[in-house]
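Coordinates as given in run_35.pdb (PDB, C-alpha atoms, pLDDT in the B column):
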```pdb
ATOM      1  CA  MET A   1      15.484 -21.320  24.722  1.00 45.00           C
ATOM      2  CA  ASP A   2      15.662 -25.094  24.488  1.00 48.00           C
ATOM      3  CA  VAL A   3      19.140 -26.309  23.598  1.00 52.00           C
ATOM      4  CA  GLU A   4      19.371 -29.623  21.809  1.00 54.00           C
ATOM      5  CA  LYS A   5      21.711 -32.238  23.210  1.00 52.00           C
ATOM      6  CA  GLY A   6      23.335 -35.055  21.282  1.00 51.00           C
ATOM      7  CA  ALA A   7      26.655 -35.835  19.687  1.00 60.00           C
ATOM      8  CA  GLY A   8      27.317 -35.689  15.971  1.00 75.00           C
ATOM      9  CA  HIS A   9      27.492 -33.156  13.187  1.00 89.00           C
ATOM     10  CA  GLN A  10      26.789 -29.563  14.161  1.00 97.00           C
ATOM     11  CA  PRO A  11      24.207 -27.407  12.316  1.00 97.00           C
ATOM     12  CA  PHE A  12      27.025 -25.411  10.669  1.00 98.00           C
ATOM     13  CA  ASP A  13      30.060 -26.863   8.945  1.00 97.00           C
ATOM     14  CA  LEU A  14      32.456 -24.328  10.430  1.00 98.00           C
ATOM     15  CA  TYR A  15      32.533 -22.251  13.607  1.00 98.00           C
ATOM     16  CA  LEU A  16      34.604 -19.057  13.795  1.00 98.00           C
ATOM     17  CA  VAL A  17      35.546 -18.311  17.382  1.00 98.00           C
ATOM     18  CA  PHE A  18      36.143 -14.586  17.625  1.00 97.00           C
ATOM     19  CA  ASP A  19      37.310 -12.116  20.268  1.00 98.00           C
ATOM     20  CA  VAL A  20      38.655  -8.742  19.181  1.00 98.00           C
ATOM     21  CA  GLU A  21      40.613  -6.117  21.069  1.00 98.00           C
ATOM     22  CA  ALA A  22      39.801  -2.461  20.505  1.00 98.00           C
ATOM     23  CA  THR A  23      41.015   1.016  21.355  1.00 98.00           C
ATOM     24  CA  CYS A  24      39.909   2.302  24.733  1.00 97.00           C
ATOM     25  CA  THR A  25      40.710   4.715  27.512  1.00 97.00           C
ATOM     26  CA  GLU A  26      40.431   4.264  31.246  1.00 96.00           C
ATOM     27  CA  GLY A  27      36.815   4.671  32.333  1.00 94.00           C
ATOM     28  CA  CYS A  28      35.403   4.918  28.797  1.00 93.00           C
ATOM     29  CA  ASP A  29      31.820   3.722  28.275  1.00 91.00           C
ATOM     30  CA  TRP A  30      30.044   2.108  25.314  1.00 86.00           C
ATOM     31  CA  ALA A  31      29.630   5.510  23.642  1.00 90.00           C
ATOM     32  CA  TYR A  32      33.395   5.607  23.069  1.00 94.00           C
ATOM     33  CA  PRO A  33      34.306   5.227  19.358  1.00 95.00           C
ATOM     34  CA  ASN A  34      36.307   2.021  19.748  1.00 97.00           C
ATOM     35  CA  GLU A  35      38.377   0.826  16.785  1.00 98.00           C
ATOM     36  CA  ILE A  36      39.403  -2.799  16.375  1.00 98.00           C
ATOM     37  CA  ILE A  37      43.150  -3.292  16.814  1.00 98.00           C
ATOM     38  CA  GLU A  38      43.356  -7.108  16.988  1.00 98.00           C
ATOM     39  CA  PHE A  39      41.306  -9.495  14.848  1.00 98.00           C
ATOM     40  CA  PRO A  40      41.821 -13.144  15.904  1.00 98.00           C
ATOM     41  CA  VAL A  41      39.761 -16.129  14.746  1.00 98.00           C
ATOM     42  CA  VAL A  42      39.987 -19.820  15.627  1.00 98.00           C
ATOM     43  CA  LEU A  43      38.294 -22.180  13.155  1.00 98.00           C
ATOM     44  CA  VAL A  44      36.455 -25.161  14.674  1.00 98.00           C
ATOM     45  CA  ASP A  45      35.174 -27.999  12.459  1.00 98.00           C
ATOM     46  CA  GLY A  46      31.489 -28.757  13.057  1.00 97.00           C
ATOM     47  CA  ARG A  47      31.984 -32.424  12.209  1.00 96.00           C
ATOM     48  CA  THR A  48      35.090 -33.250  14.240  1.00 96.00           C
ATOM     49  CA  HIS A  49      34.500 -30.634  16.985  1.00 97.00           C
ATOM     50  CA  ARG A  50      38.198 -29.786  16.773  1.00 97.00           C
ATOM     51  CA  ARG A  51      40.237 -26.686  15.989  1.00 98.00           C
ATOM     52  CA  VAL A  52      41.683 -26.804  12.502  1.00 97.00           C
ATOM     53  CA  ASP A  53      43.228 -23.386  11.826  1.00 98.00           C
ATOM     54  CA  GLU A  54      43.684 -19.818  13.042  1.00 98.00           C
ATOM     55  CA  PHE A  55      43.630 -16.357  11.531  1.00 98.00           C
ATOM     56  CA  HIS A  56      45.283 -13.473  13.323  1.00 98.00           C
ATOM     57  CA  ALA A  57      45.987  -9.869  12.393  1.00 98.00           C
ATOM     58  CA  TYR A  58      46.602  -6.590  14.130  1.00 98.00           C
ATOM     59  CA  VAL A  59      44.707  -3.580  12.783  1.00 98.00           C
ATOM     60  CA  ARG A  60      45.837   0.015  12.415  1.00 98.00           C
ATOM     61  CA  PRO A  61      43.265   2.437  13.867  1.00 98.00           C
ATOM     62  CA  SER A  62      42.555   5.514  11.768  1.00 96.00           C
ATOM     63  CA  LEU A  63      40.238   7.677  13.867  1.00 95.00           C
ATOM     64  CA  HIS A  64      42.540   7.791  16.900  1.00 95.00           C
ATOM     65  CA  PRO A  65      45.781   6.135  15.764  1.00 97.00           C
ATOM     66  CA  THR A  66      47.664   6.655  19.044  1.00 98.00           C
ATOM     67  CA  LEU A  67      46.862   4.018  21.669  1.00 98.00           C
ATOM     68  CA  SER A  68      46.269   5.172  25.226  1.00 98.00           C
ATOM     69  CA  ASP A  69      48.591   3.885  27.936  1.00 98.00           C
ATOM     70  CA  PHE A  70      45.574   2.162  29.477  1.00 98.00           C
ATOM     71  CA  CYS A  71      44.860   0.326  26.212  1.00 98.00           C
ATOM     72  CA  LYS A  72      48.478  -0.765  25.781  1.00 98.00           C
ATOM     73  CA  ASN A  73      48.672  -2.058  29.350  1.00 98.00           C
ATOM     74  CA  LEU A  74      45.315  -3.835  29.100  1.00 98.00           C
ATOM     75  CA  THR A  75      45.875  -5.588  25.783  1.00 98.00           C
ATOM     76  CA  GLY A  76      49.660  -5.868  25.686  1.00 98.00           C
ATOM     77  CA  ILE A  77      49.594  -4.387  22.169  1.00 98.00           C
ATOM     78  CA  LYS A  78      52.411  -1.961  21.381  1.00 98.00           C
ATOM     79  CA  GLN A  79      52.058   1.263  19.429  1.00 98.00           C
ATOM     80  CA  GLU A  80      54.611   0.147  16.846  1.00 98.00           C
ATOM     81  CA  THR A  81      52.598  -3.032  16.270  1.00 98.00           C
ATOM     82  CA  VAL A  82      49.453  -1.199  15.159  1.00 98.00           C
ATOM     83  CA  ASP A  83      51.486   1.437  13.302  1.00 98.00           C
ATOM     84  CA  ALA A  84      52.829  -1.341  11.065  1.00 98.00           C
ATOM     85  CA  ALA A  85      49.462  -3.097  10.662  1.00 98.00           C
ATOM     86  CA  ASP A  86      46.902  -2.910   7.840  1.00 98.00           C
ATOM     87  CA  THR A  87      43.675  -0.931   8.121  1.00 98.00           C
ATOM     88  CA  PHE A  88      40.442  -2.785   8.891  1.00 98.00           C
ATOM     89  CA  PRO A  89      39.150  -3.100   5.293  1.00 98.00           C
ATOM     90  CA  VAL A  90      42.457  -4.677   4.248  1.00 98.00           C
ATOM     91  CA  VAL A  91      42.445  -7.050   7.220  1.00 98.00           C
ATOM     92  CA  LEU A  92      38.849  -8.019   6.482  1.00 98.00           C
ATOM     93  CA  ALA A  93      39.789  -8.818   2.879  1.00 98.00           C
ATOM     94  CA  ARG A  94      42.723 -10.916   4.111  1.00 98.00           C
ATOM     95  CA  PHE A  95      40.399 -12.741   6.491  1.00 98.00           C
ATOM     96  CA  GLU A  96      37.915 -13.496   3.715  1.00 98.00           C
ATOM     97  CA  ALA A  97      40.722 -14.813   1.507  1.00 98.00           C
ATOM     98  CA  TRP A  98      41.832 -17.096   4.359  1.00 98.00           C
ATOM     99  CA  LEU A  99      38.283 -18.295   5.028  1.00 98.00           C
ATOM    100  CA  SER A 100      37.798 -19.001   1.322  1.00 98.00           C
ATOM    101  CA  LYS A 101      40.183 -21.934   1.732  1.00 97.00           C
ATOM    102  CA  TYR A 102      37.440 -23.644   3.761  1.00 97.00           C
ATOM    103  CA  ALA A 103      34.142 -22.165   2.581  1.00 97.00           C
ATOM    104  CA  VAL A 104      32.603 -20.409  -0.415  1.00 96.00           C
ATOM    105  CA  HIS A 105      31.706 -16.722  -0.175  1.00 94.00           C
ATOM    106  CA  PRO A 106      29.249 -15.461   1.191  1.00 94.00           C
ATOM    107  CA  PHE A 107      30.079 -18.158   3.773  1.00 97.00           C
ATOM    108  CA  GLN A 108      26.574 -19.388   4.490  1.00 94.00           C
ATOM    109  CA  ASN A 109      27.818 -22.590   6.126  1.00 96.00           C
ATOM    110  CA  VAL A 110      29.764 -20.773   8.856  1.00 98.00           C
ATOM    111  CA  VAL A 111      28.792 -18.939  12.035  1.00 98.00           C
ATOM    112  CA  PHE A 112      30.759 -16.816  14.480  1.00 98.00           C
ATOM    113  CA  VAL A 113      30.991 -17.700  18.187  1.00 98.00           C
ATOM    114  CA  CYS A 114      31.746 -14.966  20.726  1.00 98.00           C
ATOM    115  CA  ASP A 115      32.020 -14.644  24.492  1.00 98.00           C
ATOM    116  CA  GLY A 116      28.925 -12.453  24.800  1.00 96.00           C
ATOM    117  CA  PRO A 117      27.358 -10.021  22.315  1.00 96.00           C
ATOM    118  CA  TRP A 118      29.899  -7.190  22.402  1.00 96.00           C
ATOM    119  CA  ASP A 119      32.345  -8.182  19.668  1.00 97.00           C
ATOM    120  CA  VAL A 120      29.767  -8.499  16.887  1.00 97.00           C
ATOM    121  CA  ARG A 121      27.092  -6.130  18.176  1.00 94.00           C
ATOM    122  CA  ASP A 122      29.299  -3.225  19.206  1.00 95.00           C
ATOM    123  CA  PHE A 123      32.869  -3.468  17.941  1.00 97.00           C
ATOM    124  CA  ILE A 124      32.012  -4.662  14.424  1.00 96.00           C
ATOM    125  CA  ARG A 125      29.239  -2.050  14.126  1.00 94.00           C
ATOM    126  CA  LYS A 126      31.500   0.781  15.227  1.00 95.00           C
ATOM    127  CA  GLN A 127      34.370  -0.366  13.034  1.00 96.00           C
ATOM    128  CA  CYS A 128      32.162  -0.610   9.966  1.00 94.00           C
ATOM    129  CA  GLU A 129      30.990   2.945  10.638  1.00 92.00           C
ATOM    130  CA  HIS A 130      34.567   4.194  10.974  1.00 95.00           C
ATOM    131  CA  SER A 131      35.677   2.343   7.826  1.00 95.00           C
ATOM    132  CA  LEU A 132      32.628   3.408   5.782  1.00 93.00           C
ATOM    133  CA  ILE A 133      31.696  -0.171   4.923  1.00 93.00           C
ATOM    134  CA  ASN A 134      28.544  -2.204   5.376  1.00 90.00           C
ATOM    135  CA  ARG A 135      28.377  -4.958   7.946  1.00 93.00           C
ATOM    136  CA  PRO A 136      29.320  -8.258   6.257  1.00 95.00           C
ATOM    137  CA  SER A 137      26.356 -10.612   5.932  1.00 94.00           C
ATOM    138  CA  TYR A 138      28.215 -13.352   7.814  1.00 96.00           C
ATOM    139  CA  LEU A 139      28.504 -11.043  10.844  1.00 96.00           C
ATOM    140  CA  VAL A 140      24.784 -10.583  11.426  1.00 95.00           C
ATOM    141  CA  ARG A 141      23.834 -13.846  13.162  1.00 96.00           C
ATOM    142  CA  PHE A 142      26.159 -15.402  15.696  1.00 98.00           C
ATOM    143  CA  VAL A 143      26.410 -17.638  18.757  1.00 98.00           C
ATOM    144  CA  ASP A 144      26.586 -15.888  22.127  1.00 98.00           C
ATOM    145  CA  LEU A 145      28.585 -18.502  24.045  1.00 98.00           C
ATOM    146  CA  ARG A 146      27.643 -17.185  27.483  1.00 97.00           C
ATOM    147  CA  MET A 147      23.953 -17.480  26.647  1.00 97.00           C
ATOM    148  CA  LEU A 148      24.400 -20.961  25.173  1.00 98.00           C
ATOM    149  CA  TYR A 149      26.457 -22.085  28.170  1.00 98.00           C
ATOM    150  CA  VAL A 150      23.683 -21.034  30.574  1.00 98.00           C
ATOM    151  CA  ASP A 151      20.975 -22.730  28.503  1.00 97.00           C
ATOM    152  CA  PHE A 152      22.899 -25.966  27.961  1.00 98.00           C
ATOM    153  CA  TYR A 153      24.312 -26.597  31.427  1.00 98.00           C
ATOM    154  CA  GLN A 154      21.515 -24.795  33.334  1.00 97.00           C
ATOM    155  CA  ARG A 155      24.097 -22.788  35.266  1.00 97.00           C
ATOM    156  CA  GLU A 156      24.403 -19.158  36.251  1.00 96.00           C
ATOM    157  CA  ARG A 157      25.849 -16.716  33.745  1.00 97.00           C
ATOM    158  CA  THR A 158      29.577 -16.147  34.237  1.00 97.00           C
ATOM    159  CA  ASN A 159      32.627 -14.815  32.432  1.00 97.00           C
ATOM    160  CA  LEU A 160      35.261 -16.627  30.370  1.00 98.00           C
ATOM    161  CA  SER A 161      37.378 -17.716  33.339  1.00 97.00           C
ATOM    162  CA  GLY A 162      34.250 -18.789  35.215  1.00 98.00           C
ATOM    163  CA  MET A 163      33.118 -21.024  32.345  1.00 98.00           C
ATOM    164  CA  LEU A 164      36.586 -22.539  32.032  1.00 98.00           C
ATOM    165  CA  ASN A 165      36.799 -23.259  35.764  1.00 98.00           C
ATOM    166  CA  ALA A 166      33.332 -24.815  35.843  1.00 98.00           C
ATOM    167  CA  LEU A 167      34.396 -27.143  33.031  1.00 98.00           C
ATOM    168  CA  GLY A 168      37.584 -28.187  34.827  1.00 98.00           C
ATOM    169  CA  MET A 169      39.951 -25.948  32.872  1.00 98.00           C
ATOM    170  CA  GLU A 170      42.086 -22.901  33.590  1.00 98.00           C
ATOM    171  CA  PHE A 171      42.774 -19.870  31.433  1.00 98.00           C
ATOM    172  CA  GLN A 172      45.890 -20.334  29.328  1.00 98.00           C
ATOM    173  CA  GLY A 173      47.937 -17.301  28.273  1.00 97.00           C
ATOM    174  CA  ARG A 174      47.377 -13.597  28.834  1.00 97.00           C
ATOM    175  CA  GLU A 175      43.907 -12.237  29.569  1.00 96.00           C
ATOM    176  CA  HIS A 176      42.848  -9.472  27.158  1.00 96.00           C
ATOM    177  CA  SER A 177      45.181 -10.782  24.501  1.00 98.00           C
ATOM    178  CA  GLY A 178      42.712 -11.287  21.678  1.00 97.00           C
ATOM    179  CA  GLN A 179      44.523 -14.361  20.419  1.00 98.00           C
ATOM    180  CA  ASP A 180      44.738 -15.992  23.862  1.00 98.00           C
ATOM    181  CA  ASP A 181      41.119 -15.107  24.692  1.00 98.00           C
ATOM    182  CA  THR A 182      39.977 -16.623  21.400  1.00 98.00           C
ATOM    183  CA  ARG A 183      41.932 -19.827  21.951  1.00 98.00           C
ATOM    184  CA  ASN A 184      40.409 -20.230  25.416  1.00 98.00           C
ATOM    185  CA  ILE A 185      36.907 -19.616  24.091  1.00 98.00           C
ATOM    186  CA  ALA A 186      37.584 -22.296  21.473  1.00 98.00           C
ATOM    187  CA  ARG A 187      38.452 -24.753  24.252  1.00 98.00           C
ATOM    188  CA  ILE A 188      35.008 -24.186  25.750  1.00 98.00           C
ATOM    189  CA  VAL A 189      33.374 -24.618  22.340  1.00 98.00           C
ATOM    190  CA  GLU A 190      35.146 -27.940  21.833  1.00 98.00           C
ATOM    191  CA  LYS A 191      34.142 -29.152  25.316  1.00 98.00           C
ATOM    192  CA  MET A 192      30.494 -28.173  24.882  1.00 98.00           C
ATOM    193  CA  MET A 193      30.313 -29.833  21.469  1.00 98.00           C
ATOM    194  CA  GLN A 194      31.841 -32.996  22.911  1.00 96.00           C
ATOM    195  CA  ASP A 195      29.243 -32.861  25.703  1.00 97.00           C
ATOM    196  CA  GLY A 196      26.530 -32.849  23.018  1.00 97.00           C
ATOM    197  CA  CYS A 197      25.589 -29.169  22.746  1.00 98.00           C
ATOM    198  CA  LYS A 198      24.265 -28.100  19.345  1.00 97.00           C
ATOM    199  CA  PHE A 199      25.655 -24.714  18.355  1.00 98.00           C
ATOM    200  CA  VAL A 200      22.817 -22.845  16.668  1.00 97.00           C
ATOM    201  CA  TRP A 201      22.897 -19.058  16.369  1.00 97.00           C
ATOM    202  CA  ASN A 202      21.113 -17.302  19.223  1.00 97.00           C
ATOM    203  CA  ARG A 203      21.824 -13.632  18.490  1.00 96.00           C
ATOM    204  CA  GLU A 204      21.005 -11.501  15.481  1.00 95.00           C
ATOM    205  CA  CYS A 205      21.963  -7.912  14.795  1.00 92.00           C
ATOM    206  CA  LYS A 206      19.163  -5.872  13.291  1.00 77.00           C
ATOM    207  CA  LEU A 207      19.926  -5.520   9.601  1.00 59.00           C
ATOM    208  CA  THR A 208      21.125  -2.017   8.778  1.00 57.00           C
ATOM    209  CA  ARG A 209      21.875  -0.073   5.657  1.00 59.00           C
ATOM    210  CA  ARG A 210      24.621   2.530   5.529  1.00 58.00           C
ATOM    211  CA  ARG A 211      24.321   6.047   4.225  1.00 57.00           C
ATOM    212  CA  VAL A 212      26.571   9.070   4.603  1.00 58.00           C
ATOM    213  CA  ALA A 213      25.182  12.414   5.731  1.00 58.00           C
ATOM    214  CA  LYS A 214      26.333  15.741   4.271  1.00 56.00           C
ATOM    215  CA  SER A 215      28.520  16.173   7.345  1.00 60.00           C
ATOM    216  CA  GLY A 216      30.364  12.995   6.408  1.00 57.00           C
ATOM    217  CA  ARG A 217      28.941  11.115   9.393  1.00 56.00           C
ATOM    218  CA  VAL A 218      27.930   7.539   8.685  1.00 53.00           C
ATOM    219  CA  LEU A 219      24.288   6.840   9.450  1.00 54.00           C
ATOM    220  CA  TYR A 220      22.639   3.434   9.718  1.00 50.00           C
ATOM    221  CA  THR A 221      18.939   2.907   9.071  1.00 45.00           C
ATOM    222  CA  LYS A 222      17.169  -0.067  10.583  1.00 42.00           C
ATOM    223  CA  ALA A 223      15.505  -2.495   8.175  1.00 39.00           C
ATOM    224  CA  ASP A 224      12.411  -4.326   9.367  1.00 35.00           C
ATOM    225  CA  GLY A 225      11.981  -8.056   9.012  1.00 37.00           C
ATOM    226  CA  PRO A 226      10.592 -11.132  10.771  1.00 36.00           C
ATOM    227  CA  ILE A 227      12.675 -12.497  13.640  1.00 38.00           C
ATOM    228  CA  PRO A 228      12.567 -16.199  14.564  1.00 44.00           C
ATOM    229  CA  LYS A 229      11.005 -17.004  17.929  1.00 43.00           C
ATOM    230  CA  GLY A 230      13.496 -17.686  20.714  1.00 44.00           C
ATOM    231  CA  HIS A 231      16.322 -15.569  19.310  1.00 46.00           C
ATOM    232  CA  SER A 232      17.646 -12.280  20.626  1.00 49.00           C
ATOM    233  CA  ILE A 233      17.852  -9.159  18.499  1.00 43.00           C
ATOM    234  CA  LEU A 234      20.643  -6.653  18.977  1.00 50.00           C
ATOM    235  CA  PHE A 235      20.715  -3.054  17.835  1.00 40.00           C
TER
END
```
Can I see the file as structure tokens?
Amino acid sequence: MDVEKGAGHQPFDLYLVFDVEATCTEGCDWAYPNEIIEFPVVLVDGRTHRRVDEFHAYVRPSLHPTLSDFCKNLTGIKQETVDAADTFPVVLARFEAWLSKYAVHPFQNVVFVCDGPWDVRDFIRKQCEHSLINRPSYLVRFVDLRMLYVDFYQRERTNLSGMLNALGMEFQGREHSGQDDTRNIARIVEKMMQDGCKFVWNRECKLTRRRVAKSGRVLYTKADGPIPKGHSILF
């Protein structure tokens, strides 16, 4: 994909840098029913290329409310923290109320930015299934920062620390803290924007519609539709 270079106003007014933490066990694979337990967002202005605000909330899991020792050690999140937190639908409503200070629902002038496809493709999909809600329309298209980084700088794909180091920065804070990860991703976003990278969405989740089977299991049906050339589709 060709990535446009040049300073100035970005294609979107607002960029929502996003990196969740989720329930897990040691050795679990992508079939594991992860639930989001930390929902951090850093807001970057598309005109100034600067961070302007943050949203942060812990989330109480409902399917498996007790965190594994592995999860607590990895994320630094304590059991009592999630026990006292709101459920995902409540946190999502709080997030939308916060975002409404800067944009008008359904937030068509904003786009999420993530370190890879996993947060939006996998964790949001699973959480929406667990919470019996549809995927929000603003969480369908997003910017995969790793993909954009490779295209813009013509470098090999690497992880968050690798991108920071290549740009002359070091990771600040605690790795696998959602809030610290998000803040570090935002530093890369700011740097790339200042270097002239245009942040256009490069990933799109296949639109799905939710229905509930007689067993109570949430099922998602794929909806067909044209996909722009040069963009990746995630299922």
| said: I'd like the interatomic distance between CA of Asn134 in chain A and CA of Arg94 in chain A, to a tenth of an Å. | reply: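 The value is 16.7 Å.
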| request: Find the residue from A:Cys197, A:Ala31, A:Ile124, A:Leu43 that sits nearest to Phe88 in chain A; use all atoms listed in the file when measuring. | output: A:Ile124
| How many Å separate CA of Ala84 in chain A from CA of Gly27 in chain A? | 27.3 Å
| request: Choose the residue, out of A:Met193, A:Leu92, A:Leu160, A:Leu132, that has the smallest atom-to-atom separation from Gly46 in chain A; count only C-alpha atoms. | output: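 The closest residue to Gly46 in chain A is A:Met193.
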Going by the chain IDs and residue numbers used in this file, which residues fall under the PyMOL selection byres ((chain A and resi 131) around 9)? Write them as a tab-separated table (two decimals) with C-alpha atoms, in the coordinates of the input.
```tsv
chain	number	residue	atom	x	y	z
A	62	SER	CA	42.56	5.51	11.77
A	87	THR	CA	43.68	-0.93	8.12
A	88	PHE	CA	40.44	-2.78	8.89
A	89	PRO	CA	39.15	-3.10	5.29
A	126	LYS	CA	31.50	0.78	15.23
A	127	GLN	CA	34.37	-0.37	13.03
A	128	CYS	CA	32.16	-0.61	9.97
A	129	GLU	CA	30.99	2.94	10.64
A	130	HIS	CA	34.57	4.19	10.97
A	132	LEU	CA	32.63	3.41	5.78
A	133	ILE	CA	31.70	-0.17	4.92
A	134	ASN	CA	28.54	-2.20	5.38
```
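With CA of His64 in chain A on one side and CA of Arg135 in chain A on the other, the separation reads 21.1 Å.
The shell of residues at most 12 Å from range 97-104 of chain A, with all atoms listed in the file counted and near chain neighbours (fewer than 6 positions) removed, consists of Phe12, Asp13, Leu14, Tyr15, Leu16, Val41, Val42, Leu43, Val44, Asp45, Val52, Asp53, Glu54, Phe55, His56, Ala57, Val90, Val91, Val110, Val111 and Tyr138 of chain A.
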Can you write out the residues you just picked, keeping C-alpha atoms, as an mmCIF file, in the coordinates of the input?
```cif
data_model
loop_
_atom_site.group_PDB
_atom_site.id
_atom_site.type_symbol
_atom_site.label_atom_id
_atom_site.label_comp_id
_atom_site.auth_asym_id
_atom_site.auth_seq_id
_atom_site.Cartn_x
_atom_site.Cartn_y
_atom_site.Cartn_z
ATOM 1 C CA PHE A 12 27.025 -25.411 10.669
ATOM 2 C CA ASP A 13 30.060 -26.863 8.945
ATOM 3 C CA LEU A 14 32.456 -24.328 10.430
ATOM 4 C CA TYR A 15 32.533 -22.251 13.607
ATOM 5 C CA LEU A 16 34.604 -19.057 13.795
ATOM 6 C CA VAL A 41 39.761 -16.129 14.746
ATOM 7 C CA VAL A 42 39.987 -19.820 15.627
ATOM 8 C CA LEU A 43 38.294 -22.180 13.155
ATOM 9 C CA VAL A 44 36.455 -25.161 14.674
ATOM 10 C CA ASP A 45 35.174 -27.999 12.459
ATOM 11 C CA VAL A 52 41.683 -26.804 12.502
ATOM 12 C CA ASP A 53 43.228 -23.386 11.826
ATOM 13 C CA GLU A 54 43.684 -19.818 13.042
ATOM 14 C CA PHE A 55 43.630 -16.357 11.531
ATOM 15 C CA HIS A 56 45.283 -13.473 13.323
ATOM 16 C CA ALA A 57 45.987 -9.869 12.393
ATOM 17 C CA VAL A 90 42.457 -4.677 4.248
ATOM 18 C CA VAL A 91 42.445 -7.050 7.220
ATOM 19 C CA VAL A 110 29.764 -20.773 8.856
ATOM 20 C CA VAL A 111 28.792 -18.939 12.035
ATOM 21 C CA TYR A 138 28.215 -13.352 7.814
#
```
| field | From A:His9, A:His49, A:Leu74, A:Gly168, residue lying nearest Thr23 in chain A [all atoms listed in the file] | value |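 Closest to Thr23 in chain A of all the choices is A:Leu74.
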| task | List the neighbours of Phe112 in chain A out to 12 Å using only C-alpha atoms; skip same-chain residues closer than 5 positions along the sequence, and give me the result as number ranges by chain. | result | A: 12-19, 40-44, 107, 117, 119-121, 136-145, 182, 185-186, 189, 199-204
| task | Pull out every residue that the PyMOL selection byres ((chain A and resi 67) around 12) matches in the shown coordinates and put them as a PyMOL selection string. | result | chain A and resi 21-26+34-37+59-66+68-83
Would you mind exporting C-alpha atoms of the selected residues as a PDB file, in the coordinates of the input?
```pdb
ATOM      1  CA  GLU A  21      40.613  -6.117  21.069  1.00 98.00           C
ATOM      2  CA  ALA A  22      39.801  -2.461  20.505  1.00 98.00           C
ATOM      3  CA  THR A  23      41.015   1.016  21.355  1.00 98.00           C
ATOM      4  CA  CYS A  24      39.909   2.302  24.733  1.00 97.00           C
ATOM      5  CA  THR A  25      40.710   4.715  27.512  1.00 97.00           C
ATOM      6  CA  GLU A  26      40.431   4.264  31.246  1.00 96.00           C
ATOM      7  CA  ASN A  34      36.307   2.021  19.748  1.00 97.00           C
ATOM      8  CA  GLU A  35      38.377   0.826  16.785  1.00 98.00           C
ATOM      9  CA  ILE A  36      39.403  -2.799  16.375  1.00 98.00           C
ATOM     10  CA  ILE A  37      43.150  -3.292  16.814  1.00 98.00           C
ATOM     11  CA  VAL A  59      44.707  -3.580  12.783  1.00 98.00           C
ATOM     12  CA  ARG A  60      45.837   0.015  12.415  1.00 98.00           C
ATOM     13  CA  PRO A  61      43.265   2.437  13.867  1.00 98.00           C
ATOM     14  CA  SER A  62      42.555   5.514  11.768  1.00 96.00           C
ATOM     15  CA  LEU A  63      40.238   7.677  13.867  1.00 95.00           C
ATOM     16  CA  HIS A  64      42.540   7.791  16.900  1.00 95.00           C
ATOM     17  CA  PRO A  65      45.781   6.135  15.764  1.00 97.00           C
ATOM     18  CA  THR A  66      47.664   6.655  19.044  1.00 98.00           C
ATOM     19  CA  SER A  68      46.269   5.172  25.226  1.00 98.00           C
ATOM     20  CA  ASP A  69      48.591   3.885  27.936  1.00 98.00           C
ATOM     21  CA  PHE A  70      45.574   2.162  29.477  1.00 98.00           C
ATOM     22  CA  CYS A  71      44.860   0.326  26.212  1.00 98.00           C
ATOM     23  CA  LYS A  72      48.478  -0.765  25.781  1.00 98.00           C
ATOM     24  CA  ASN A  73      48.672  -2.058  29.350  1.00 98.00           C
ATOM     25  CA  LEU A  74      45.315  -3.835  29.100  1.00 98.00           C
ATOM     26  CA  THR A  75      45.875  -5.588  25.783  1.00 98.00           C
ATOM     27  CA  GLY A  76      49.660  -5.868  25.686  1.00 98.00           C
ATOM     28  CA  ILE A  77      49.594  -4.387  22.169  1.00 98.00           C
ATOM     29  CA  LYS A  78      52.411  -1.961  21.381  1.00 98.00           C
ATOM     30  CA  GLN A  79      52.058   1.263  19.429  1.00 98.00           C
ATOM     31  CA  GLU A  80      54.611   0.147  16.846  1.00 98.00           C
ATOM     32  CA  THR A  81      52.598  -3.032  16.270  1.00 98.00           C
ATOM     33  CA  VAL A  82      49.453  -1.199  15.159  1.00 98.00           C
ATOM     34  CA  ASP A  83      51.486   1.437  13.302  1.00 98.00           C
TER      35      ASP A  83
END
```
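Using all atoms listed in the file, every residue with an atom at most 6 Å from the point (43.4, -11.3, 19.6) is listed here: Val20, Glu38, Phe39, Pro40, Ser177, Gly178 and Gln179 of chain A.
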| query | From the set A:Asp195, A:Glu175, A:Asp122, A:Asp115, which residue has the shortest atom-to-atom contact distance to Tyr153 in chain A, counting all atoms listed in the file? | reply | A:Asp195
